[in-house]
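Engineer: Questions regarding the structure given below will be posed in turn.
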Amino acid sequence: MVEGGGRRVRRERALLWCVLVAAWEAAWGQLRYSVPEEMPKGSFVGDVAKDLGLELPALRHREVHVFDTGRTQYFFLDLQDGHLSIKERVDREDICAAVAKCALNFEILVKNPIKLYRGEVEILDINDNSPSFPVRNSVLEISEYTAPGTRFPLEKAQDPDIGVNSLQNYKCSESSYFSLDVKNGDDGVTYPELILVNSLDREQQAAHNLILTATDGGSPVKSGSTTIQIIVLDGNDNAPQFTQPVYKVTVREDVAVGSRVLQVTATDRDEGPNAKVKYSFIKIPEKVDKTFKLDPESGEIEITEKLNFEEQEFYELDVQARDTGGLSSHSKVLIKVSDVNNHVPEIVIMSVFSPVPEDTPLGTVIAIFNVHDRDSGANGEVRCSIAERLPFRLERSFDNYYSMVTAEELDREEVAEYNVTVRAADGGSPALWSSAVLALRVLDVNDNAPVFAEARYSARLPENNAAGALVLTVRAADADWGQNARVRYRLSEGRVRGAPLSSYVSVQAETGALYALRSFDYEEVREVGLWVRAEDGGAPALSSNVSVRLVIVDENDNAPQVLYPPPAPAPGAGWAGVELAPRSAEPGALVAKVVAVDADAGQNAWLSYELAKATEPGLFRVGLHSGEVRTARFALARDAARQSLVVVVKDHGRPALSATATLTVVLAESVAELLSELGSAAAAAAAAAPGEPAGSLTRWLVVAVAAVSCLFLAFLLLLLALRLRRWRRSQLLAAGSGALRGVPASHFVGIDGVRAFLHSYSHEVSLTADSRKSQLRLSAGSCCDTLPARPPAEATGDTVPAVTSYYDFISIPRISSQMLVEFGNIVPQKANITEVPGCLDRAFNKRI
């Protein structure tokens with residue numbers, strides 16, 4: 001408690017001194033502080049903010065930092081209060097050792113503006129170390145003949161503290177024979193010396209024990225002690241004496257080098273150095289001197305070389321014991337070597353036949369070796385063996401010669417290399433053995449054909465591939481080795497679409513990579529089957545085949561092709577297609593059908609139709625999947641007579657491809673209107689390009705007009721003939737049937753002519769502007785189907801078929817008088833034959 005209170009007082013005084021010094025130094029521009037060592041972390045060193053005249057808020061704003069010049073940072077600056085504090089424990093002895101003044105330098109960097117301040121902290125020593133001696137116990141030997149007054153220097157103590165806290169004095173325990181003298185050297189270090197005061201007598205007291213104590217000047221005082229044992233030495237008046245005149249020992253010949261054989265011992269009745277004895281060999285051969293070693297201090301004899309019973313069975317050694325005074329004595333050591341089984345059998349490989357072909361016949365000699373043992377009798381008998389489950393066996397030839405032969409067939413693919421361990425053991429007890437390893441490599445024979453990694457190969461190759469594209473790689477492995485395992489690939493003969501297979505694909509001979517030599521077209525070739533052969537490099541070569549199936553994958557590389565309407569031969573040469581649609585057509589009426597095909601397959605060939613452009617967008621619609629062009633509403637008077645439609649045909653490929661078809665639909669009720677519209681269109685085309693010939697369109701229009709005129713003339717002539725025939729038949733009917741009297745003859749005028757007219761015009765006429773042929777198709781109905789029907793006549797005595805239209809009338813194979821009456825009731829009385837063409841025109845469905 002007293003020591004702790006004194007330390008606190010000293011620290012408080014030191015802190016007060018630091019503050020005063022710092023205040024004085026601040027005036028000179030450099031900070032100086034002092035702190036005792038061993039202060040705890042966080043202890044106050046100095047008020048930097050106050051000493052530098054900085055406000056506390058400015059410390060953080062100006063980014064004040066402390067930098068130590070040493071490797072370890074012992075101080076830190078607290079920006080909250082501006083105090084410099086201890087960061088790490090400071091030990092003056094570790095930092096400055098024996099230096100009188102121990103100081104740590106630091107720098108303070110202040111920014112905004114930048115300014116550097118230097119500082120120094122002096123570390124004050126405290127008495128935290130006690131004096132200590134290098135050893136706690138020491139021995140000093142003094143002869144009993146030493147004269148009094150002789151000085152003996154002693155080991156000095158060490159104290160790492162400095163000043164008054166360092167070593168100051170020595171003390172020694174009381175003794176009637178010795179006293180202590182303390183001297184100060186030129187370097188200021190204190191040295192203790194022991195002085196012999198009275199003569200020593202070993203016979204009275206053989207040893208003296210003293211305690212040497214070193215003290216420092218600290219407060220409180222600290223000290224350290226050591227024990228000094230003084231041995232009194234006697235005079236040399238006795239020679240050493242061996243305990244035995246002859247030493248005998250038996251050792252095994254297999255004793256390890258460095259083993260102890262025996263120990264000789266000699267004693268001396270003197271004391272001290274005179275009783276110390278050293279041993280040595282005398283008069284022994286050089287070989288024996290190399291085999292054994294004698295320790296001069298302990299007298300132990302060790303073996304330095306291997307003993308061999310066969311070479312030497314007995315050793316005789318002369319040993320001498322000598323003290324430090326020169327007195328000596330001698331003794332003999334007899335060493336007998338006993339025979340043991342200490343030689344292992346030796347295996348000498350004479351010949352090894354490696355590598356061994358895997359088709360080597362059974363009983364073939366693979367290796368010959370010899371074994372021998374330098375021991376005799378049972379210790380020299382050797383037995384050899386090899387491990388079981390090997391395709392070899394040992395055969396003894398004569399004496400100690402053995403041969404190893406094949407006992408089973410070899411297969412390199414199962415085991416390519418054998419490490420055969422030959423074990424040789426003698427008949428000793430315990431038996432000694434040795435081993436040797438025979439490395440045998442099995443030589444490959446071409447007995448395995450290549451085997452493909454897969455039973456069959458298949459690959460999908462997109463069409464339009466680049467020439468030389470990699471299709472797939474076939475792999476074949478050969479269990480053989482070397483050249484026999486080198487596999488080469490080639491294609492088997494074959495043809496594709498009459499052409500050699502080699503013109504379509506090729507295989508890389510070394511890697512088995514299959515390449516396409518040309519670009520495939522799915523529309524031409526959809527699948528290619530071929531065989532690849534793998535052949536090894538053996539002699540003779542072995543081979544195997546594998547089938548390869550190449551499936552050509554369709555790509556969307558064909559745009560839809562429009563079959564109808566056909567494309568225009570040249571720009572400005574005419575329309576792609578002209579269709580006729582009556583203005584009175586109901587919504588949903590079929591006007592035309594766009595027909596297109598796609599050469600691709602699957603989804604790439606699925607077609608859809610869209611109306612991309614139209615003169616009147618709401619007048620027509622196109623079936624999404626059928627391509628049928630139908631009316632979407634009734635034609636209005638404001639609708640142009642000639643409608644232009646652009647139909648886009650798309651497939652479902654990615655990306656989708658498309659084609660367009662252009663239709664010209666003419667809204668007309670009669671042939672005359674159609675021809676008029678076509679003529680005006682041709683005139684407009686001619687006016688647009690007066691310097692160009694009318695072209696094929698004009699020519700065909702003229703031909704069409706001429707043909708229609710001829711037909712009309714023929715129609716008139718036919719009507720005239722029919723009128724004449726009607727008149728003749730009316731005469732016959734008037735004479736043969738009274739029932740027809742009173743019926744106006746005009747009701748029957750042109751019946752035969754109408755029938756002939758209907759038969760002539762009951763066709764669909766397709767005319768195109770650029771076609772040299774007109775396409776005619778029989779129609780299922782007639783325009784007369786639209787005439788109003790009359791209720792059936794009342795039943796009479798005759799059976800008369802129901803006649804409700806012109807079509808029913810002309811379809812009756814034979815006309816009776818009653819039928820004529822029925823037909824007359826249907827036809828309006830004022831109707832004449834000139835009204836028939838108008839009826840026909842309204843029923844026309846023409847494609848021009």
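In the structure tokens, chains take the letters A, B, ... in the order shown, each chain's residues start at 1, and ligands count up from 1 in the order shown.
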Find the residues near Val548 (chain A): any atom within 7 Å, counting only C-alpha atoms, skip ones fewer than 2 places away on the same chain, and give them as JSON, numbers by chain.

Structural biologist: {"A": [456, 457, 458, 529, 530, 531, 546, 550]}

Engineer: Where in region 67-117 of chain A does DSSP assign helix (DSSP H, G or I), given as a VMD selection string?

Structural biologist: chain A and resid 92 to 96

Engineer: Using only C-alpha atoms, which of A:Arg396, A:Ala321, A:Asn127, A:Pro153 sits nearest Lys222 (chain A)?

Structural biologist: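 Of A:Arg396, A:Ala321, A:Asn127, A:Pro153, the one nearest Lys222 (chain A) is A:Asn127, counting only C-alpha atoms.
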
Engineer: For His83 (chain A), list every protein, DNA or RNA residue within 7 Å, evaluated using only C-alpha atoms, and leave out those in the same chain fewer than 3 positions away; present the list as a VMD selection string.

Structural biologist: chain A and resid 44 46 to 49 77 to 78

Engineer: Just want the 10 Å neighbourhood of Val525 (chain A), counted on only C-alpha atoms, with same-chain residues fewer than 6 positions away dropped. Output as a PDB file with N, CA and C atoms, in the first residue's frame.

Structural biologist:
```pdb
ATOM      1  N   GLU A 463     -31.271 -26.433 -93.161  1.00  0.00           N
ATOM      2  CA  GLU A 463     -30.999 -26.243 -94.589  1.00  0.00           C
ATOM      3  C   GLU A 463     -30.336 -24.889 -94.816  1.00  0.00           C
ATOM      4  N   VAL A 496     -26.649 -40.160-103.008  1.00  0.00           N
ATOM      5  CA  VAL A 496     -27.771 -39.325-102.603  1.00  0.00           C
ATOM      6  C   VAL A 496     -28.314 -38.645-103.854  1.00  0.00           C
ATOM      7  N   ARG A 497     -29.580 -38.957-104.201  1.00  0.00           N
ATOM      8  CA  ARG A 497     -30.226 -38.406-105.387  1.00  0.00           C
ATOM      9  C   ARG A 497     -29.379 -38.618-106.630  1.00  0.00           C
ATOM     10  N   VAL A 551     -30.711 -35.395 -90.486  1.00  0.00           N
ATOM     11  CA  VAL A 551     -32.055 -34.888 -90.743  1.00  0.00           C
ATOM     12  C   VAL A 551     -31.931 -33.419 -91.115  1.00  0.00           C
ATOM     13  N   ILE A 552     -32.404 -33.091 -92.319  1.00  0.00           N
ATOM     14  CA  ILE A 552     -32.350 -31.709 -92.779  1.00  0.00           C
ATOM     15  C   ILE A 552     -33.561 -30.978 -92.203  1.00  0.00           C
ATOM     16  N   VAL A 553     -33.307 -29.906 -91.498  1.00  0.00           N
ATOM     17  CA  VAL A 553     -34.358 -29.133 -90.851  1.00  0.00           C
ATOM     18  C   VAL A 553     -34.765 -27.993 -91.776  1.00  0.00           C
TER      19      VAL A 553
END
```

Engineer: From the options A:Ser199, A:Val110, A:Ala58, A:Thr664, which residue's atoms come nearest to Leu580 (chain A), counting only C-alpha atoms?

Structural biologist: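 Between A:Ser199, A:Val110, A:Ala58, A:Thr664, the residue approaching Leu580 (chain A) most closely is A:Thr664.
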
Engineer: Can you list, as a list in words, every protein, DNA or RNA residue that comes within 10 Å of Ala596 (chain A) when you count only C-alpha atoms, leaving out same-chain residues fewer than 3 positions away?

Structural biologist: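 My reading of the contact set: Pro560, Gln561, Val562, Leu563, Tyr564, Pro565, Lys593, Leu607, Ser608, Tyr609, Ser626, Gly627, Val649, Lys650, Ala659, Thr660 and Ala661 of chain A.
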
Engineer: Running DSSP on the backbone, which parts of region 362-406 of chain A land in strand (DSSP E or B), as number ranges by chain?

Structural biologist: A: 365-372, 382-386, 392-396, 401-406

Engineer: For Ala601 (chain A), please output as a PyMOL selection string all residues within 12 Å (counting only C-alpha atoms; exclusion window: fewer than 3 positions along the same chain).

Structural biologist: chain A and resi 521-524+526+552-560+597-598+604-607+651-653

Engineer: Give me the residues within 12 Å of Asn342 (chain A) as a PyMOL selection string, counting only C-alpha atoms and dropping any in the same chain fewer than 3 places off.

Structural biologist: chain A and resi 252-256+306-310+338-339+345+373-376+379-380+426-433

Engineer: Using only C-alpha atoms, can you tell me which of A:Thr250, A:Asn274, A:Asn419, A:Asn129 comes closest to Val337 (chain A)?

Structural biologist: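 Residue with the minimum atom-to-atom distance to Val337 (chain A): A:Thr250.
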
Engineer: Here is a test: counting only C-alpha atoms, which residue of A:Ser43, A:Asn238, A:Asn209, A:Asn198 is nearest to Ser138 (chain A)?

Structural biologist: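 Using only C-alpha atoms, Ser138 (chain A) sits closest to A:Asn209.
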
Engineer: For CA of Phe712 (chain A) and CA of Leu663 (chain A), determine how far apart the two atoms are, in Å to one decimal place.

Structural biologist: 29.0 Å

Engineer: Select, from A:Ser132, A:Ser502, A:Thr473, A:Asn484, the residue with the minimum atom-to-atom distance to Asp444 (chain A), counting only C-alpha atoms.

Structural biologist: A:Asn484

Engineer: Rank A:Arg260, A:His625, A:Lys293, A:Lys278 by their smallest atom-to-atom distance to Gly325 (chain A), using only C-alpha atoms, and report the top residue only.

Structural biologist: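 Looking at the shortest contact to Gly325 (chain A), the residue is A:Lys278.
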
Engineer: How many Å lie between CA of Gly363 (chain A) and CA of Cys384 (chain A), rounded to one decimal?

Structural biologist: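 Distance between the two atoms: 18.5 Å.
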
Engineer: Have a look at CA of Val288 (chain A) and CA of Thr243 (chain A) and let me know their distance in Å, one decimal.

Structural biologist: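 Here the two named atoms are 23.5 Å from each other.
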